[in-house]
Amino acid sequence: MSKVTKEMALEYHREGKPGKIEVVPTVPYSSQQDLALAYSPGVAYPCLEIEQRPQDAYEYTNKGNLVAVISNGTAVLGLGDIGALAGKPVMEGKALLFKIFAGLDCFDIEVNEKDPEKFIQIVKALSPTFGGINLEDIKAPECFEIERRLKEECDIPVMHDDQHGTAIISAAGLLNALEIQGKKIEDVKLVVNGAGAAAVSCTKLYIALGVNPANVVMCDSKGVINSKRTDLNSQKKEFATTRDLDTLAEAMKGADVFLGLSVKDVVTPDMLLSMADKPIVFALANPDPEIAYDLAVKSRPDLIFATGRSDYPNQINNVLGFPYIFRGALDSGATVINEAMKLAAVKAIAALAKEAVPSVVNAAYGMSDLHFGRDYILPKPLDPRLITTVAPAVARGAMESGVAKRPITDWEAYNEKLRQLMGYDNKLMRRFTEEAQRNPKRVVFGEANTDNMLRAAVTAYQDGICIPVLLGNEEMIEKRAARLGLNIEGIQIVNLRHDREADRRSRFAMSLAEKRKRDGMTYPEALEMMFDRNYFGMMMVESGEADAMLAGTYSGSHSPAEIAREVVGIRPTYNHFATMHILRTKRGVYFLADTMINHDNDEETLLDIARLARNSVEYFAHEPVMAMVSYSNFGSNKEKEPQVVHKVVEKMHELYPDLPIDGEMQVHYALNKKVRDANFPFSRLNGKDVNTLIFPNLSAANTAYKMMLEMGLAEAIGPIQMGLNKPVHFINVDAAVRDIVNLATVAVLDAAVLEKIGNDHDK
Ligand SMILES: NC(=O)C1=CN([C@@H]2O[C@H](COP(=O)(O)OP(=O)(O)OC[C@H]3O[C@@H](n4cnc5c(N)ncnc54)[C@H](OP(=O)(O)O)[C@@H]3O)[C@@H](O)[C@H]2O)C=CC1
Ligand SMILES: CC(=O)C(=O)O
Ligand SMILES: [Mg+2]
């Protein structure tokens, strides 16, 4: 996993606009009218409504989606009391996590005040702004009283994340680790290093879950907290042991579980060796754990080891909890975050780790087979299921314990809202995946001897999306799989140089030579071609030995597109094939064509592209609303290129009298219906939102989608091939695993359509 250096981190924070977050308006603000509504005089109306009914603040302001991360900088990570200002990067980081993982807006507030009473008064005075308050990095013991008072005195949920977030996540990890190690919670001996905010709260939750208080030994910076000590505050006194122990090293002997919430490098390999069999060690000090990962795992193979860091397996970090805990609390109108809600979160997070890990999570971590076990005791922070698992569990907890002021009634609609909150709607791909899983097909992976293709094939197989056939040398693929830690058991490998089916190559060659004899192809030439993976793979599809193929975009002498034309051919009624990208953007789903195949389009080619796109968009269950774009509008420029587009639009109008398609038009008219309708009220697209853009040439289409991706404005599925007789799709072997899996999914659906309705979609 990649390591973080000081230079990288400083550059990351300094680059562009310094810091990590900004404020973005959510309402129109470009006209005088907009401003009169957003500010004076219009703004007075919601003010007066809220004055009458304070609850209306949730209707007219961002209160219901706004959280404050508030710190005084007295216990920033494990860096200690570095002050409010120095803690700001951490608080901005938490604000970012709230936004990206739960769609919650967040202000970081650094308060330069250490006196608990004054701090309480400041936070309380700020509280009307927010729907919830996340207290962060405030040291013990002051944090206990600060949280208690603010919970009591504010009418919104308040949670000290270092206490409860950490307790919830580590408890979920502990339950799962105990299950893997075969230990019972009521029997385990627990050593806790650190007696601050996080340590005390975690220990209390573990006890609530079944740990025997008599089996707990806690240490602080002065050693074991025992009954001989006279310097203990009331929190520490609760955990004072009567056993004759003074040092951490003594306490560790025979312990089953170690929980570190203190400072770095205080645990030694010898201490780990002195623990009981199959120990569990959570070294959670940030940024550096109580014992380094490499040192710990080297010293005991029977260990389950977790840290707070993202660059090692088993990250125990409150990021798995706080975004979703506040999401569920705010959405249900919870007045507090109580024990029922916390326990609901523990159970939901622990259970999620036992479910099959979706390919998108594997892909996000460059893995292929994450599964419940000693290196995967908790879900990964980038798991998109966390929001739909934890937030509803917390909301239910709030409702069942009677603290929810706005109970949720339609859970399916709530789950849908949560998914959509995460920006791009992933519904389309989810639907494709489910369809493919219902009827998986045999997909040839033409470049199986490359890392990402192999990873994608294994992921698609494990997810039940397709039955992969890997083309390549068995020995090399097996070696690569072993190096990547991939399990390829059960996946067929076809070595085209030493094919087990002796006559297959000659059979394929004969069939191709017969098909292309009028193009001058001889049998010996065709036989030679069968050493090319694209020819061979496509012949597998052509002959029905496979249902679809993912071909690489590079092939020795011939371009894969040419080979596809020769081997599987173009659909009846077309002379060209093309590709489309589906872009998922914040504004919705868009289909763009042709993004990969045809360079300079004459009328006939562009007409084929438009017809193919119309069919494909329909096939992806969208009503096509198509704009044919160029640099002029409806004939305003008489040069060659816009004229080609203009004529193709006319032909499309003749062919499909009811199809909403128009142009040529500039792309801003295509995408802005208000401006388009005002300027061109005669357009067939009147009142409609365009979802399909047909570009005049490859440069424009390719540049448009790549620019959107590079600027982070879209996620893409594609390139989706349209117009070949068989589902042969093309993808760059360096494409991300997720993109390859997505295309394999589309190929499976394509094969299913072929099976059902044949290859003339115009019928
Ligand atoms: N992974 C995660 O999700 C989280 C990790 N943490 C980490 O936990 C640590 C503590 O945070 P927090 O509880 O908020 O901070 P606090 O300041 O409240 O507590 C720190 C505790 O560490 C103890 N301590 C300091 N040095 C030693 C030592 N050498 N041996 C034993 N104990 C020691 C202190 O002892 P004393 O009481 O004697 O001063 C104190 O009890 C930090 O490293 C933080 O990054 C915190 C929250 C979440
Ligand atoms: C993760 C966290 O909140 C901390 O280390 O303080
Ligand atoms: Mg913290």
# chains A, B, ... in the order shown; residues from 1 in each chain; ligands from 1
$ residues_around --residues "Gly254 in chain A" --least-positions-apart "3" --cutoff "7 Å" --atoms "only C-alpha atoms" --output "list in words"
Ser274, Met275 and Ala276 of chain A
$ residues_near_ligand --ligand "ligand 1" --cutoff "6 Å" --atoms "only C-alpha atoms and all ligand atoms" --output "list in words"
Ala75, Leu77, Gly78, Asp137, Lys139, Ala140, Asp162, Thr166, Asn193, Gly194, Ala195, Gly196, Ala197, Ala198, Ala199, Cys219, Asp220, Ser221, Lys222, Leu261, Ser262, Val263, Leu284, Ala285, Asn286, Gly308, Ile316, Asn317 and Asn318 of chain A
$ write_last_selection --atoms "C-alpha atoms" --output "compact mmCIF listing (two decimals), in the first residue's frame"
# COMPACT_ATOMS: atom_id res chain seq x y z
CA ALA A 75 -5.97 16.06 22.24
CA LEU A 77 -4.97 12.68 17.27
CA GLY A 78 -2.10 11.36 19.36
CA ASP A 137 -10.08 15.89 19.95
CA LYS A 139 -8.78 15.79 26.05
CA ALA A 140 -9.89 13.79 29.06
CA ASP A 162 -13.19 10.19 20.08
CA THR A 166 -14.10 4.97 18.48
CA ASN A 193 -3.31 1.41 27.32
CA GLY A 194 -4.47 4.99 27.67
CA ALA A 195 -7.10 6.24 30.06
CA GLY A 196 -8.37 9.22 28.14
CA ALA A 197 -11.47 10.05 26.16
CA ALA A 198 -11.28 7.15 23.72
CA ALA A 199 -9.95 4.49 26.08
CA CYS A 219 -2.80 1.93 32.06
CA ASP A 220 -2.10 5.63 31.68
CA SER A 221 1.14 7.53 31.17
CA LYS A 222 2.26 6.55 34.69
CA LEU A 261 -5.48 4.50 22.68
CA SER A 262 -2.40 6.28 23.91
CA VAL A 263 0.80 7.17 22.03
CA LEU A 284 -5.11 2.64 17.61
CA ALA A 285 -2.97 5.68 18.44
CA ASN A 286 -2.87 8.06 15.49
CA GLY A 308 -6.12 3.44 13.08
CA ILE A 316 -10.17 0.83 13.09
CA ASN A 317 -11.09 4.43 12.72
CA ASN A 318 -14.15 6.34 13.76
$ residues_around --residues "Phe730 in chain A" --least-positions-apart "4" --cutoff "7 Å" --atoms "only C-alpha atoms" --output "ChimeraX atom specification"
/A:550-553,719
$ residues_around --residues "Leu96 in chain A" --least-positions-apart "4" --cutoff "12 Å" --atoms "only C-alpha atoms" --output "PyMOL selection string"
chain A and resi 19-23+67-69+89-92+100-108+319+323
$ atom_distance --atom1 "CA of Lys515 in chain A" --atom2 "CA of Asp750 in chain A"
23.7 Å
$ select_by_dssp --residues "range 372-538 of chain A" --states "strand (DSSP E or B)" --output "MDAnalysis selection string"
chainID A and resid 373 376 404 441:445 466:471 492:494
$ decode --residues "range 607-756 of chain A" --atoms "C-alpha atoms" --output "PDB file, in the first residue's frame"
ATOM      1  CA  LEU A 607     -26.429   8.502 -39.627  1.00  0.00           C
ATOM      2  CA  ASP A 608     -25.400   5.003 -38.557  1.00  0.00           C
ATOM      3  CA  ILE A 609     -23.973   6.397 -35.305  1.00  0.00           C
ATOM      4  CA  ALA A 610     -27.201   8.287 -34.552  1.00  0.00           C
ATOM      5  CA  ARG A 611     -29.392   5.255 -35.328  1.00  0.00           C
ATOM      6  CA  LEU A 612     -27.200   2.923 -33.268  1.00  0.00           C
ATOM      7  CA  ALA A 613     -27.186   5.348 -30.354  1.00  0.00           C
ATOM      8  CA  ARG A 614     -30.959   5.635 -30.456  1.00  0.00           C
ATOM      9  CA  ASN A 615     -31.264   1.838 -30.206  1.00  0.00           C
ATOM     10  CA  SER A 616     -28.674   1.507 -27.473  1.00  0.00           C
ATOM     11  CA  VAL A 617     -30.158   4.235 -25.296  1.00  0.00           C
ATOM     12  CA  GLU A 618     -33.553   2.558 -25.577  1.00  0.00           C
ATOM     13  CA  TYR A 619     -31.949  -0.741 -24.719  1.00  0.00           C
ATOM     14  CA  PHE A 620     -30.517   0.821 -21.561  1.00  0.00           C
ATOM     15  CA  ALA A 621     -34.131   1.625 -20.692  1.00  0.00           C
ATOM     16  CA  HIS A 622     -33.990   5.340 -21.319  1.00  0.00           C
ATOM     17  CA  GLU A 623     -36.215   7.325 -23.668  1.00  0.00           C
ATOM     18  CA  PRO A 624     -33.668   8.833 -26.035  1.00  0.00           C
ATOM     19  CA  VAL A 625     -33.772  12.631 -26.250  1.00  0.00           C
ATOM     20  CA  MET A 626     -31.032  13.380 -28.714  1.00  0.00           C
ATOM     21  CA  ALA A 627     -29.060  16.443 -29.674  1.00  0.00           C
ATOM     22  CA  MET A 628     -26.688  16.339 -32.632  1.00  0.00           C
ATOM     23  CA  VAL A 629     -24.037  18.836 -31.684  1.00  0.00           C
ATOM     24  CA  SER A 630     -21.665  20.988 -33.667  1.00  0.00           C
ATOM     25  CA  TYR A 631     -20.409  24.567 -33.564  1.00  0.00           C
ATOM     26  CA  SER A 632     -23.428  26.126 -35.260  1.00  0.00           C
ATOM     27  CA  ASN A 633     -27.195  26.105 -34.767  1.00  0.00           C
ATOM     28  CA  PHE A 634     -29.860  24.878 -37.185  1.00  0.00           C
ATOM     29  CA  GLY A 635     -27.995  25.762 -40.360  1.00  0.00           C
ATOM     30  CA  SER A 636     -26.453  29.044 -39.149  1.00  0.00           C
ATOM     31  CA  ASN A 637     -23.083  27.969 -40.598  1.00  0.00           C
ATOM     32  CA  LYS A 638     -22.806  26.517 -44.072  1.00  0.00           C
ATOM     33  CA  GLU A 639     -19.415  24.878 -43.730  1.00  0.00           C
ATOM     34  CA  LYS A 640     -18.963  21.182 -44.406  1.00  0.00           C
ATOM     35  CA  GLU A 641     -19.025  19.732 -40.913  1.00  0.00           C
ATOM     36  CA  PRO A 642     -22.167  21.420 -39.524  1.00  0.00           C
ATOM     37  CA  GLN A 643     -23.838  20.784 -42.854  1.00  0.00           C
ATOM     38  CA  VAL A 644     -23.198  17.029 -42.505  1.00  0.00           C
ATOM     39  CA  VAL A 645     -24.817  17.109 -39.083  1.00  0.00           C
ATOM     40  CA  HIS A 646     -27.683  19.212 -40.414  1.00  0.00           C
ATOM     41  CA  LYS A 647     -28.436  16.690 -43.151  1.00  0.00           C
ATOM     42  CA  VAL A 648     -28.239  13.719 -40.815  1.00  0.00           C
ATOM     43  CA  VAL A 649     -30.777  15.413 -38.525  1.00  0.00           C
ATOM     44  CA  GLU A 650     -33.116  15.740 -41.526  1.00  0.00           C
ATOM     45  CA  LYS A 651     -32.705  12.046 -42.302  1.00  0.00           C
ATOM     46  CA  MET A 652     -33.313  11.075 -38.693  1.00  0.00           C
ATOM     47  CA  HIS A 653     -36.503  13.169 -38.752  1.00  0.00           C
ATOM     48  CA  GLU A 654     -37.645  11.246 -41.845  1.00  0.00           C
ATOM     49  CA  LEU A 655     -36.746   7.863 -40.381  1.00  0.00           C
ATOM     50  CA  TYR A 656     -38.130   8.490 -36.898  1.00  0.00           C
ATOM     51  CA  PRO A 657     -40.902  11.081 -37.109  1.00  0.00           C
ATOM     52  CA  ASP A 658     -41.664  10.824 -33.376  1.00  0.00           C
ATOM     53  CA  LEU A 659     -38.131  10.747 -32.051  1.00  0.00           C
ATOM     54  CA  PRO A 660     -37.075  13.813 -30.071  1.00  0.00           C
ATOM     55  CA  ILE A 661     -33.863  14.553 -31.931  1.00  0.00           C
ATOM     56  CA  ASP A 662     -32.632  17.870 -33.245  1.00  0.00           C
ATOM     57  CA  GLY A 663     -29.669  19.944 -34.325  1.00  0.00           C
ATOM     58  CA  GLU A 664     -27.252  20.814 -35.368  1.00  0.00           C
ATOM     59  CA  MET A 665     -26.793  22.842 -32.223  1.00  0.00           C
ATOM     60  CA  GLN A 666     -24.055  23.984 -29.902  1.00  0.00           C
ATOM     61  CA  VAL A 667     -23.669  21.883 -26.800  1.00  0.00           C
ATOM     62  CA  HIS A 668     -24.879  24.581 -24.374  1.00  0.00           C
ATOM     63  CA  TYR A 669     -28.206  24.720 -26.198  1.00  0.00           C
ATOM     64  CA  ALA A 670     -28.374  20.948 -26.009  1.00  0.00           C
ATOM     65  CA  LEU A 671     -27.852  20.939 -22.257  1.00  0.00           C
ATOM     66  CA  ASN A 672     -29.761  24.077 -21.249  1.00  0.00           C
ATOM     67  CA  LYS A 673     -33.399  23.641 -22.130  1.00  0.00           C
ATOM     68  CA  LYS A 674     -34.386  27.107 -20.928  1.00  0.00           C
ATOM     69  CA  VAL A 675     -31.983  28.902 -23.263  1.00  0.00           C
ATOM     70  CA  ARG A 676     -32.669  26.470 -26.119  1.00  0.00           C
ATOM     71  CA  ASP A 677     -36.437  26.814 -25.903  1.00  0.00           C
ATOM     72  CA  ALA A 678     -36.207  30.623 -25.736  1.00  0.00           C
ATOM     73  CA  ASN A 679     -33.985  30.835 -28.850  1.00  0.00           C
ATOM     74  CA  PHE A 680     -35.310  27.949 -30.925  1.00  0.00           C
ATOM     75  CA  PRO A 681     -38.936  27.428 -29.918  1.00  0.00           C
ATOM     76  CA  PHE A 682     -39.527  25.357 -33.088  1.00  0.00           C
ATOM     77  CA  SER A 683     -37.125  22.614 -31.971  1.00  0.00           C
ATOM     78  CA  ARG A 684     -38.381  19.054 -31.578  1.00  0.00           C
ATOM     79  CA  LEU A 685     -36.648  19.043 -28.237  1.00  0.00           C
ATOM     80  CA  ASN A 686     -38.903  21.770 -26.861  1.00  0.00           C
ATOM     81  CA  GLY A 687     -39.384  21.352 -23.119  1.00  0.00           C
ATOM     82  CA  LYS A 688     -37.226  18.233 -23.000  1.00  0.00           C
ATOM     83  CA  ASP A 689     -34.014  17.381 -21.183  1.00  0.00           C
ATOM     84  CA  VAL A 690     -31.477  15.983 -23.623  1.00  0.00           C
ATOM     85  CA  ASN A 691     -29.833  12.736 -22.496  1.00  0.00           C
ATOM     86  CA  THR A 692     -28.001  11.737 -25.693  1.00  0.00           C
ATOM     87  CA  LEU A 693     -25.294  13.741 -27.434  1.00  0.00           C
ATOM     88  CA  ILE A 694     -24.155  12.739 -30.910  1.00  0.00           C
ATOM     89  CA  PHE A 695     -20.871  14.416 -31.799  1.00  0.00           C
ATOM     90  CA  PRO A 696     -19.816  15.291 -35.358  1.00  0.00           C
ATOM     91  CA  ASN A 697     -16.475  13.524 -35.066  1.00  0.00           C
ATOM     92  CA  LEU A 698     -14.261  11.442 -32.828  1.00  0.00           C
ATOM     93  CA  SER A 699     -12.073  14.335 -31.622  1.00  0.00           C
ATOM     94  CA  ALA A 700     -15.062  16.168 -30.195  1.00  0.00           C
ATOM     95  CA  ALA A 701     -16.699  13.122 -28.566  1.00  0.00           C
ATOM     96  CA  ASN A 702     -13.514  11.723 -27.138  1.00  0.00           C
ATOM     97  CA  THR A 703     -12.383  15.102 -25.795  1.00  0.00           C
ATOM     98  CA  ALA A 704     -15.793  15.823 -24.260  1.00  0.00           C
ATOM     99  CA  TYR A 705     -16.046  12.648 -22.192  1.00  0.00           C
ATOM    100  CA  LYS A 706     -12.404  12.583 -21.183  1.00  0.00           C
ATOM    101  CA  MET A 707     -12.590  16.199 -20.047  1.00  0.00           C
ATOM    102  CA  MET A 708     -15.622  15.432 -17.900  1.00  0.00           C
ATOM    103  CA  LEU A 709     -13.807  12.484 -16.303  1.00  0.00           C
ATOM    104  CA  GLU A 710     -10.561  14.330 -15.747  1.00  0.00           C
ATOM    105  CA  MET A 711     -12.365  17.235 -14.097  1.00  0.00           C
ATOM    106  CA  GLY A 712     -14.180  14.856 -11.777  1.00  0.00           C
ATOM    107  CA  LEU A 713     -17.556  15.816 -13.229  1.00  0.00           C
ATOM    108  CA  ALA A 714     -18.618  12.325 -14.247  1.00  0.00           C
ATOM    109  CA  GLU A 715     -18.111   8.628 -13.877  1.00  0.00           C
ATOM    110  CA  ALA A 716     -18.197   6.573 -17.047  1.00  0.00           C
ATOM    111  CA  ILE A 717     -19.358   3.188 -18.226  1.00  0.00           C
ATOM    112  CA  GLY A 718     -17.890   2.236 -21.589  1.00  0.00           C
ATOM    113  CA  PRO A 719     -16.818   2.193 -24.299  1.00  0.00           C
ATOM    114  CA  ILE A 720     -19.963   0.279 -25.188  1.00  0.00           C
ATOM    115  CA  GLN A 721     -19.780  -1.147 -28.672  1.00  0.00           C
ATOM    116  CA  MET A 722     -22.842  -0.712 -30.869  1.00  0.00           C
ATOM    117  CA  GLY A 723     -23.397  -2.221 -34.291  1.00  0.00           C
ATOM    118  CA  LEU A 724     -21.388  -5.415 -34.415  1.00  0.00           C
ATOM    119  CA  ASN A 725     -23.176  -8.702 -34.954  1.00  0.00           C
ATOM    120  CA  LYS A 726     -21.862 -10.115 -31.692  1.00  0.00           C
ATOM    121  CA  PRO A 727     -21.037  -8.626 -28.269  1.00  0.00           C
ATOM    122  CA  VAL A 728     -17.361  -7.852 -28.770  1.00  0.00           C
ATOM    123  CA  HIS A 729     -16.330  -4.857 -26.663  1.00  0.00           C
ATOM    124  CA  PHE A 730     -13.012  -3.044 -26.575  1.00  0.00           C
ATOM    125  CA  ILE A 731     -11.192  -1.826 -23.522  1.00  0.00           C
ATOM    126  CA  ASN A 732      -7.755  -0.530 -22.757  1.00  0.00           C
ATOM    127  CA  VAL A 733      -5.877  -3.116 -20.689  1.00  0.00           C
ATOM    128  CA  ASP A 734      -4.799  -0.360 -18.290  1.00  0.00           C
ATOM    129  CA  ALA A 735      -8.405   0.577 -17.519  1.00  0.00           C
ATOM    130  CA  ALA A 736      -9.404   0.437 -13.833  1.00  0.00           C
ATOM    131  CA  VAL A 737     -10.644  -2.941 -12.613  1.00  0.00           C
ATOM    132  CA  ARG A 738     -14.068  -1.480 -11.895  1.00  0.00           C
ATOM    133  CA  ASP A 739     -14.384  -0.152 -15.458  1.00  0.00           C
ATOM    134  CA  ILE A 740     -13.478  -3.543 -16.913  1.00  0.00           C
ATOM    135  CA  VAL A 741     -15.969  -5.314 -14.625  1.00  0.00           C
ATOM    136  CA  ASN A 742     -18.643  -2.806 -15.656  1.00  0.00           C
ATOM    137  CA  LEU A 743     -17.958  -3.449 -19.324  1.00  0.00           C
ATOM    138  CA  ALA A 744     -18.053  -7.219 -18.756  1.00  0.00           C
ATOM    139  CA  THR A 745     -21.476  -6.645 -17.182  1.00  0.00           C
ATOM    140  CA  VAL A 746     -22.649  -4.715 -20.235  1.00  0.00           C
ATOM    141  CA  ALA A 747     -21.253  -7.485 -22.491  1.00  0.00           C
ATOM    142  CA  VAL A 748     -23.327 -10.061 -20.597  1.00  0.00           C
ATOM    143  CA  LEU A 749     -26.489  -7.988 -21.042  1.00  0.00           C
ATOM    144  CA  ASP A 750     -25.655  -7.518 -24.707  1.00  0.00           C
ATOM    145  CA  ALA A 751     -25.334 -11.282 -25.130  1.00  0.00           C
ATOM    146  CA  ALA A 752     -28.686 -11.797 -23.405  1.00  0.00           C
ATOM    147  CA  VAL A 753     -30.384  -9.333 -25.766  1.00  0.00           C
ATOM    148  CA  LEU A 754     -28.823 -11.087 -28.765  1.00  0.00           C
ATOM    149  CA  GLU A 755     -30.153 -14.387 -27.482  1.00  0.00           C
ATOM    150  CA  LYS A 756     -33.622 -12.894 -27.029  1.00  0.00           C
TER     151      LYS A 756
END
